[in-house]
Amino acid sequence: MIAELQHVLSTLDLPADWVGLRAVKETASCRNVRDGLPQGNCKQLSYGTMVEVLVNGQIGYGAVNSFQPEHLRLAAKAAYRQALAASQWAIYPMTPVTRPKVVGNYTSPFLKPLEAIAPGEINELLIRLCQTLKVSDKIVQTNASANTQEVESWYISSNGSEVYQKFLLLGTSYGAIAQDGPDVQQRSNNGNGHYYQGGWELFPDAALWDRARQIGEQAVELLTAEECPTATTTLVLAPDQMMLQIHESVGHPLELDRILGDERNYAGGSFVKPSDFGTLAYGSALMNITFNPTVPGEFASYGFDDTGAPATKEYLIKDGVLRRGLGGLESQARTGVAGVSCARASSWNRPPIDRMANLNLEAGSDSVAEIIRDTEHGVYMEANRSWSIDDQRYKFQFGCEYARLIENGQLTKSLRNPNYRGTTPEFWRSLVRIGDDNSWEMYGTPYCGKGEPNQSIRVGHGSPVCAFANMEVFGGGA
Amino acid sequence: MSQTFEILESTFDRLLKNFQSERQPNEHFTLTLTGETSQFVRFNHAKVRQIGSVTDCQAELTLMANQRTASFSFPLCGDWETDWQAAKSVLQELRQDVADLPIDPYSVLPSGTESSREVHVGRLLPPDQVASMVLPEVAGLDFAGIYGGGGLLRAYADSVGQTHWFETESFALDYSIFTADNQAVKGVVAGSQWDKAAYVAKLANSKRQLERLADAPKPIPKGQYRTYLAPQAIAEIIAMFSWGAVGEAAIQQGESAFGMLRRGEKYLSPAFTLNENFSHGLVPRFNNLGEMAPVEMAIIDAGKLVNSLVNSRTAKEYNKVANGANGSESLRSPEVCPGTLATADILKALDTGLYLSNLHYLNWSDRPTGRITGMTRYACFWVEDGAIVAPIENLRFDESLYHFLGENLIALTNEQEFIPDISTYSSRKTGGIWVPGLLVEDFTYTL
């Protein structure tokens with residue numbers, strides 16, 4: 001493919017300052033079972049090429065669902081014409097510095113290829129999962145799904161870039177809904193955050209069936225659980241909820257394109273200002289956030305972003321202080337703020353913008369047992385159920401599936417409809433305990449939405465168990 | 001009709017013919033197309049941030065045999081040899097997959113006799129003139145947004161002979177204009193005919209709203225306030241109903257916020273009526289099985305749930321009557337019927353409270369009780385004695401639809417506004433929602 005793209009590039013007759021071609025091929029499958037019956041068995045093949053052309057400081061793009069040379073040449077001409085027409089209105093004079101020469105490749109680690117298990121076998125697994133989840137007549141719905149995706153991308157440019165990347169992605173989920181009259185409760189496997197890079201070696205694992213049974217039992221247990229109390233207390237969050245907390249209240253506000261205002265008409269801006277980098281005490285001294293696309297198996301790992309910037313691990317927040325933004329080379333040039341290799345496109349038909357990739361909270365030194373033992377009163381929550389945050393990423397309200405009361409250093413009764421709300425800086429400055437490596441877990445999702453035109457992209461988040469002091473918690477009900 | 005879509009229609013017809021001739025006696029199939037030729041221009045600070053075009057078309061072949069169903073989506077580029085090779089390979093792979101799958105007792109075969117063809121030709125801005133037409137009018141303003149325009153294609157055919165073709169040219173310019181302290185007004189200009197005069201008039205209205213945002217925003221303590229929700233805000237709320245409310249499968253499986261409505265434990269206000277109304281013609285009526293939805297169907301009539309959205313599979317599983325709903329049983333062309341409150345009387349009727357132009361990032365905070373949380377956004381004001389006092393700092397609300405669409409609903413405005421669907425995930429969307437504004441008592445703000 002690289003040779004074919006090079007041939008197209010060599011035959012383009014455009015007076016451009018720079019040209020890049022990014023071809024992408026995606027092969028996906030989804031298998032969904034509900035109540036032990038197949039709901040959906042689908043496959044998807046998508047491919048196409050984006051041609052980017054830099055003219056007079058403006059990049060234009062032409063994207064077409066084809067690899068055919070004549071289609072790519074037409075796309076290049078369209079990109080050129082648009083870049084030229086818009087160049088007098090360019091927001092910033094881009095140069096090829098934002099598309100550096102890079103040569104390399106990346107392949108997801110895997111042991112068992114994605115085509116290694118037949119559709120029927122996957123359905124059997126999912127049906128058995130549904131049967132295992134159905135622990136009671138009060139379970140009114142069981143569901144299980146498995147999604148695979150293989151993505152290949154080839155990137156070349158007029159300044160000599162040649163990159164090939166291949167991603168193997170596997171996402172699985174399962175859960176149950178229990179109902180008793182007007183009372184309805186749901187429980188899932190870690191809020192459906194099981195998206196990783198790799199093959200079928202990841203699923204099923206040895207703990208699967210016990211875990212599925214526990215999820216069914218907890219859905220039923222929640223029907224008669226006490227409502228989460230309304231209180232200001234210590235909030236202990238499991239990694240499967242920390243994933244959401246990191247994503248919404250650290251990742252998005254640190255995106256430089258939000259800070260630059262590009263996103264204000266859709267996803268929103270940020271309470272963070274360019275002058276905050278290097279000075280703002282974002283959280284307590286326990287808070288260390290890394291941008292790390294190099295973690296093997298984490299969902300948004302890669303070798304290079306879609307502008308050619310090599311992936312490296314960087315601290316965004318170190319000892320609680322904001323140091324670096326989530327911005328690719330274009331945003332770094334526009335702001336002068338240090339960034340990361342995060343300019344990514346959701347597919348061949350969307351331009352690269354600032355995205356999170358893997359954003360992780362580094363582990364501390366406390367065991368979970370120590371965190372609970374040292375909590376006189378609090379609420380422990382796990383698995384995200386509801387999420388909402390304002391367009392500056394400041395005021396949030398999140399809900400979880402399952403909670404336990406903490407009394408005198410012990411986890412006691414289960415609680416239903418647990419919610420909490422707060423504001424971002426106060427929340428992270430209230431981080432008082434942080435779990436050790438043993439409690440660190442990583443999750444992922446393909447559903448991070450942003451951008452105009454809209455793009456949904458994969459992200460990964462790892463975190464230990466954490467405790468936050470004096471948080472406002474509350475329950476459900478109208 | 002664009003040349004690209006002409007070629008794709010020819011490809012579609014040939015694919016259909018070939019699939020029919022390849023079909024085995026025990027097999028049925030559906031074939032759909034989703035295509036676009038789109039121009040996107042993204043703006044920030046009244047400059048161009050990104051500009052480009054996308055040509056895309058995906059076909060999806062769904063094969064049914066022996067109560068087993070599988071589907072495969074693949075690209076069509078309009079080159080027949082490339083497309084037919086891909087399609088043949090897809091058919092072969094689907095046959096292997098279907099044979100390997102467990103039986104689905106509720107699988108549904110296409111069975112209708114409907115066919116349709118709609119082609120709506122527009123008058124859009126030439127791609128290289130979008131920036132020069134849009135930006136001079138906003139010089140000196142902090143203007144951000146997106147223009148998306150071009151052709152959209154939706155098509156359907158199946159093994160029993162139904163065919164549907166829906167093609168339209170449309171655009172949407174979705175923008176925000178900001179004050180120096182980050183207050184903003186929102187505007188959308190959309191349709192199939194670019195009308196510069198309409199754009200200039202819309203901008204003039206936005207500029208007038210912007211003047212009202214000049215004052216420093218007023219912090220509002222959490223609590224309950226009489227509130228006016230403008231049509232754009234109501235559109236955000238109604239969009240939630242597609243996500244765990246109006247679908248019959250969601251109701252049956254404990255995933256619906258309308259459970260209490262279905263069980264008759266709660267009703268909404270007699271003033272509230274929600275319909276699916278396809279008479280506006282902006283979205284195709286056919287669904288993923290080629291079935292046509294009724295031109296108009298009440299969902300909530302005078303506060304009572306009279307119909308849920310039922311697709312054929314759900315109908316078979318729960319012994320219901322299908323009503324042309326799509327696979328996800330989501331709203332496709334909703335409208336909330338207007339009330340009696342004159343637009344000119346909104347502030348007077350509000351008296352003292354909050355005027356909300358937009359809402360943001362809604363989510364169910366407790367779905368079985370219909371509780372929704374979200375944020376205020378854009379031009380929102382504190383009003384006293386029927387007069388705007390000041391813009392407000394963003395507030396979080398957390399409130400049950402059984403309250404604000406129920407006993408706390410005071411009035412709906414007597415005019416509907418069309419709020420276009422400007423979403424572009426995967427592809428540009430068609431249609432939108434027709435909604436009035438709502439005046440409610442004791443809307444709950446929590447942060």
# chains A, B, ... in the order shown; residues from 1 in each chain; ligands from 1
$ select_by_dssp --residues "region 408-448 of chain A" --states "strand (DSSP E or B)" --output "list in words"
Gln410, Leu411, Thr412, Lys413, Ser414, Leu415, Arg416, Asn419, Tyr420, Arg421, Gly422, Thr423, Leu431, Val432, Arg433, Ile434, Gly435, Glu441, Met442, Tyr443, Gly444, Thr445, Pro446, Tyr447 and Cys448 of chain A
$ write_last_selection --atoms "C-alpha atoms" --output "CSV table (one decimal), in the first residue's frame"
chain,number,residue,atom,x,y,z
A,410,GLN,CA,-15.4,-1.4,57.3
A,411,LEU,CA,-17.4,-1.9,54.1
A,412,THR,CA,-20.9,-2.5,55.3
A,413,LYS,CA,-24.3,-2.5,53.6
A,414,SER,CA,-24.8,-2.1,49.8
A,415,LEU,CA,-26.4,1.1,48.5
A,416,ARG,CA,-28.4,1.7,45.3
A,419,ASN,CA,-24.4,9.6,42.7
A,420,TYR,CA,-22.0,12.4,43.5
A,421,ARG,CA,-21.4,15.9,42.2
A,422,GLY,CA,-18.7,18.5,42.5
A,423,THR,CA,-16.4,20.9,40.7
A,431,LEU,CA,-7.7,13.4,46.6
A,432,VAL,CA,-6.5,12.2,50.0
A,433,ARG,CA,-5.6,8.5,49.4
A,434,ILE,CA,-4.4,6.8,46.3
A,435,GLY,CA,-4.2,3.1,45.8
A,441,GLU,CA,-6.7,-1.3,36.6
A,442,MET,CA,-7.1,-0.1,33.0
A,443,TYR,CA,-10.2,0.2,30.9
A,444,GLY,CA,-11.1,1.7,27.6
A,445,THR,CA,-14.0,2.9,25.4
A,446,PRO,CA,-14.5,3.6,21.7
A,447,TYR,CA,-17.1,6.3,22.4
A,448,CYS,CA,-15.2,9.5,23.1
$ interface_residues --of "chain B" --to "chain A" --cutoff "7 Å" --atoms "only C-alpha atoms" --output "NGL selection string"
:B and (42 or 44 or 47-56 or 70-75 or 77 or 97 or 100-102 or 104 or 128 or 131 or 144-146 or 175-176 or 253-254 or 360-366 or 368-369 or 371 or 374-375 or 400 or 423-425)
$ closest_atom_pairs --of "region 341-441 of chain B" --to "region 299-304 of chain B" --cutoff "12 Å" --atoms "only C-alpha atoms" --output "Markdown table"
| residue | atom | partner | partner_atom | distance |
| --- | --- | --- | --- | --- |
| B:Leu401 | CA | B:Gly303 | CA | 11.5 |
| B:Tyr402 | CA | B:Gly303 | CA | 10.0 |
| B:His403 | CA | B:Gly303 | CA | 11.9 |
| B:Phe404 | CA | B:Gly303 | CA | 11.9 |
| B:Leu405 | CA | B:Gly303 | CA | 8.3 |
| B:Gly406 | CA | B:Gly303 | CA | 7.6 |
| B:Glu407 | CA | B:Gly303 | CA | 10.3 |
| B:Leu409 | CA | B:Gly303 | CA | 10.8 |
$ write_last_selection --atoms "N, CA and C atoms" --output "mmCIF file, in the first residue's frame"
data_model
loop_
_atom_site.group_PDB
_atom_site.id
_atom_site.type_symbol
_atom_site.label_atom_id
_atom_site.label_comp_id
_atom_site.auth_asym_id
_atom_site.auth_seq_id
_atom_site.Cartn_x
_atom_site.Cartn_y
_atom_site.Cartn_z
ATOM 1 N N LEU B 401 -38.702 14.149 34.557
ATOM 2 C CA LEU B 401 -39.644 14.546 33.506
ATOM 3 C C LEU B 401 -41.076 14.431 34.001
ATOM 4 N N TYR B 402 -41.300 13.581 35.007
ATOM 5 C CA TYR B 402 -42.663 13.466 35.548
ATOM 6 C C TYR B 402 -43.077 14.730 36.301
ATOM 7 N N HIS B 403 -42.082 15.540 36.688
ATOM 8 C CA HIS B 403 -42.395 16.845 37.294
ATOM 9 C C HIS B 403 -42.541 17.915 36.224
ATOM 10 N N PHE B 404 -41.442 18.129 35.445
ATOM 11 C CA PHE B 404 -41.479 19.303 34.564
ATOM 12 C C PHE B 404 -42.351 19.118 33.333
ATOM 13 N N LEU B 405 -42.639 17.877 32.939
ATOM 14 C CA LEU B 405 -43.632 17.661 31.876
ATOM 15 C C LEU B 405 -44.962 17.206 32.471
ATOM 16 N N GLY B 406 -45.000 17.146 33.792
ATOM 17 C CA GLY B 406 -46.211 16.713 34.485
ATOM 18 C C GLY B 406 -46.878 17.863 35.206
ATOM 19 N N GLU B 407 -46.967 17.715 36.524
ATOM 20 C CA GLU B 407 -47.751 18.699 37.280
ATOM 21 C C GLU B 407 -47.125 20.091 37.294
ATOM 22 N N LEU B 409 -45.715 21.593 34.663
ATOM 23 C CA LEU B 409 -45.769 22.236 33.343
ATOM 24 C C LEU B 409 -46.874 23.294 33.348
#
$ residues_around --residues "region 155-157 of chain B" --least-positions-apart "6" --cutoff "6 Å" --atoms "only C-alpha atoms" --output "list in words"
Thr30, Leu31, Thr32, Leu33, Thr163, His164, Trp165 and Phe166 of chain B
$ write_last_selection --atoms "N, CA and C atoms" --output "short mmCIF file (atom, residue, chain, number, x, y, z; two decimals), in the first residue's frame"
data_model
loop_
_atom_site.label_atom_id
_atom_site.label_comp_id
_atom_site.auth_asym_id
_atom_site.auth_seq_id
_atom_site.Cartn_x
_atom_site.Cartn_y
_atom_site.Cartn_z
N THR B 30 -31.82 -7.98 2.80
CA THR B 30 -32.08 -6.54 2.62
C THR B 30 -30.74 -5.89 2.24
N LEU B 31 -30.84 -4.84 1.48
CA LEU B 31 -29.65 -4.10 1.06
C LEU B 31 -29.91 -2.62 1.29
N THR B 32 -29.04 -1.96 2.06
CA THR B 32 -29.22 -0.53 2.30
C THR B 32 -27.97 0.24 1.86
N LEU B 33 -28.17 1.50 1.56
CA LEU B 33 -27.05 2.39 1.25
C LEU B 33 -27.13 3.62 2.14
N THR B 163 -38.26 -1.40 -2.90
CA THR B 163 -37.12 -0.51 -3.13
C THR B 163 -37.48 0.89 -2.65
N HIS B 164 -36.53 1.54 -2.02
CA HIS B 164 -36.70 2.92 -1.59
C HIS B 164 -35.43 3.69 -1.92
N TRP B 165 -35.60 4.87 -2.42
CA TRP B 165 -34.46 5.74 -2.74
C TRP B 165 -34.76 7.12 -2.19
N PHE B 166 -33.88 7.64 -1.35
CA PHE B 166 -34.07 8.97 -0.76
C PHE B 166 -32.77 9.73 -0.92
#
$ residues_around --residues "Trp440 (chain A)" --least-positions-apart "4" --cutoff "8 Å" --atoms "only C-alpha atoms" --output "PDB file with N, CA and C atoms, in the first residue's frame"
ATOM      1  N   PRO A 239     -11.492   1.788  40.205  1.00  0.00           N
ATOM      2  CA  PRO A 239     -10.893   2.184  38.917  1.00  0.00           C
ATOM      3  C   PRO A 239     -11.901   2.277  37.772  1.00  0.00           C
ATOM      4  N   ALA A 363      -0.240   5.061  40.040  1.00  0.00           N
ATOM      5  CA  ALA A 363      -0.545   4.454  41.342  1.00  0.00           C
ATOM      6  C   ALA A 363       0.239   5.131  42.459  1.00  0.00           C
ATOM      7  N   GLY A 435      -4.500   4.472  45.676  1.00  0.00           N
ATOM      8  CA  GLY A 435      -4.163   3.061  45.793  1.00  0.00           C
ATOM      9  C   GLY A 435      -2.850   2.687  45.131  1.00  0.00           C
ATOM     10  N   ASP A 436      -2.362   1.521  45.497  1.00  0.00           N
ATOM     11  CA  ASP A 436      -1.080   1.058  44.979  1.00  0.00           C
ATOM     12  C   ASP A 436      -1.257   0.285  43.668  1.00  0.00           C
ATOM     13  N   GLY A 462      -6.300   4.219  32.909  1.00  0.00           N
ATOM     14  CA  GLY A 462      -5.927   3.345  34.012  1.00  0.00           C
ATOM     15  C   GLY A 462      -5.874   4.136  35.304  1.00  0.00           C
ATOM     16  N   SER A 463      -6.245   3.482  36.378  1.00  0.00           N
ATOM     17  CA  SER A 463      -6.259   4.183  37.662  1.00  0.00           C
ATOM     18  C   SER A 463      -6.235   3.177  38.806  1.00  0.00           C
ATOM     19  N   PRO A 464      -5.716   3.606  39.950  1.00  0.00           N
ATOM     20  CA  PRO A 464      -5.902   2.816  41.162  1.00  0.00           C
ATOM     21  C   PRO A 464      -7.209   3.232  41.853  1.00  0.00           C
ATOM     22  N   VAL A 465      -7.550   2.567  42.950  1.00  0.00           N
ATOM     23  CA  VAL A 465      -8.650   3.013  43.820  1.00  0.00           C
ATOM     24  C   VAL A 465      -8.224   4.327  44.482  1.00  0.00           C
TER      25      VAL A 465
END
$ residues_around --residues "region 160-173 of chain A" --least-positions-apart "4" --cutoff "7 Å" --atoms "only C-alpha atoms" --output "PyMOL selection string"
chain A and resi 101-108+144-156+189+192+194-199
$ residues_around --residues "region 215-218 of chain B" --least-positions-apart "4" --cutoff "10 Å" --atoms "only C-alpha atoms" --output "number ranges by chain"
B: 181-183, 211, 380-382, 389-394
$ residues_around --residues "Glu169 (chain B)" --least-positions-apart "5" --cutoff "8 Å" --atoms "only C-alpha atoms" --output "list in words"
His120, Val121, Gly122, Arg123, Leu124, Gly149, Gly150, Gly151, Leu152 and Ser192 of chain B
$ write_last_selection --atoms "N, CA and C atoms" --output "CSV table (one decimal), in the first residue's frame"
chain,number,residue,atom,x,y,z
B,120,HIS,N,-34.6,15.3,-3.6
B,120,HIS,CA,-34.7,16.8,-3.3
B,120,HIS,C,-33.5,17.5,-3.7
B,121,VAL,N,-33.6,18.3,-4.7
B,121,VAL,CA,-32.5,19.1,-5.2
B,121,VAL,C,-32.4,20.4,-4.5
B,122,GLY,N,-31.2,20.7,-4.1
B,122,GLY,CA,-31.0,22.0,-3.3
B,122,GLY,C,-30.2,23.0,-4.1
B,123,ARG,N,-29.9,24.1,-3.5
B,123,ARG,CA,-29.1,25.1,-4.1
B,123,ARG,C,-28.1,25.5,-3.0
B,124,LEU,N,-26.9,24.9,-3.0
B,124,LEU,CA,-25.9,25.1,-2.0
B,124,LEU,C,-24.7,26.0,-2.4
B,149,GLY,N,-22.3,20.7,4.3
B,149,GLY,CA,-23.3,20.7,3.2
B,149,GLY,C,-23.0,19.8,2.1
B,150,GLY,N,-24.0,19.4,1.3
B,150,GLY,CA,-23.8,18.5,0.2
B,150,GLY,C,-24.9,17.6,0.0
B,151,GLY,N,-24.7,16.5,-0.7
B,151,GLY,CA,-25.7,15.5,-1.0
B,151,GLY,C,-25.7,14.4,0.1
B,152,LEU,N,-26.9,13.9,0.4
B,152,LEU,CA,-27.1,12.8,1.3
B,152,LEU,C,-27.9,11.7,0.6
B,192,SER,N,-32.2,23.5,2.4
B,192,SER,CA,-31.7,22.9,1.1
B,192,SER,C,-31.3,24.1,0.2
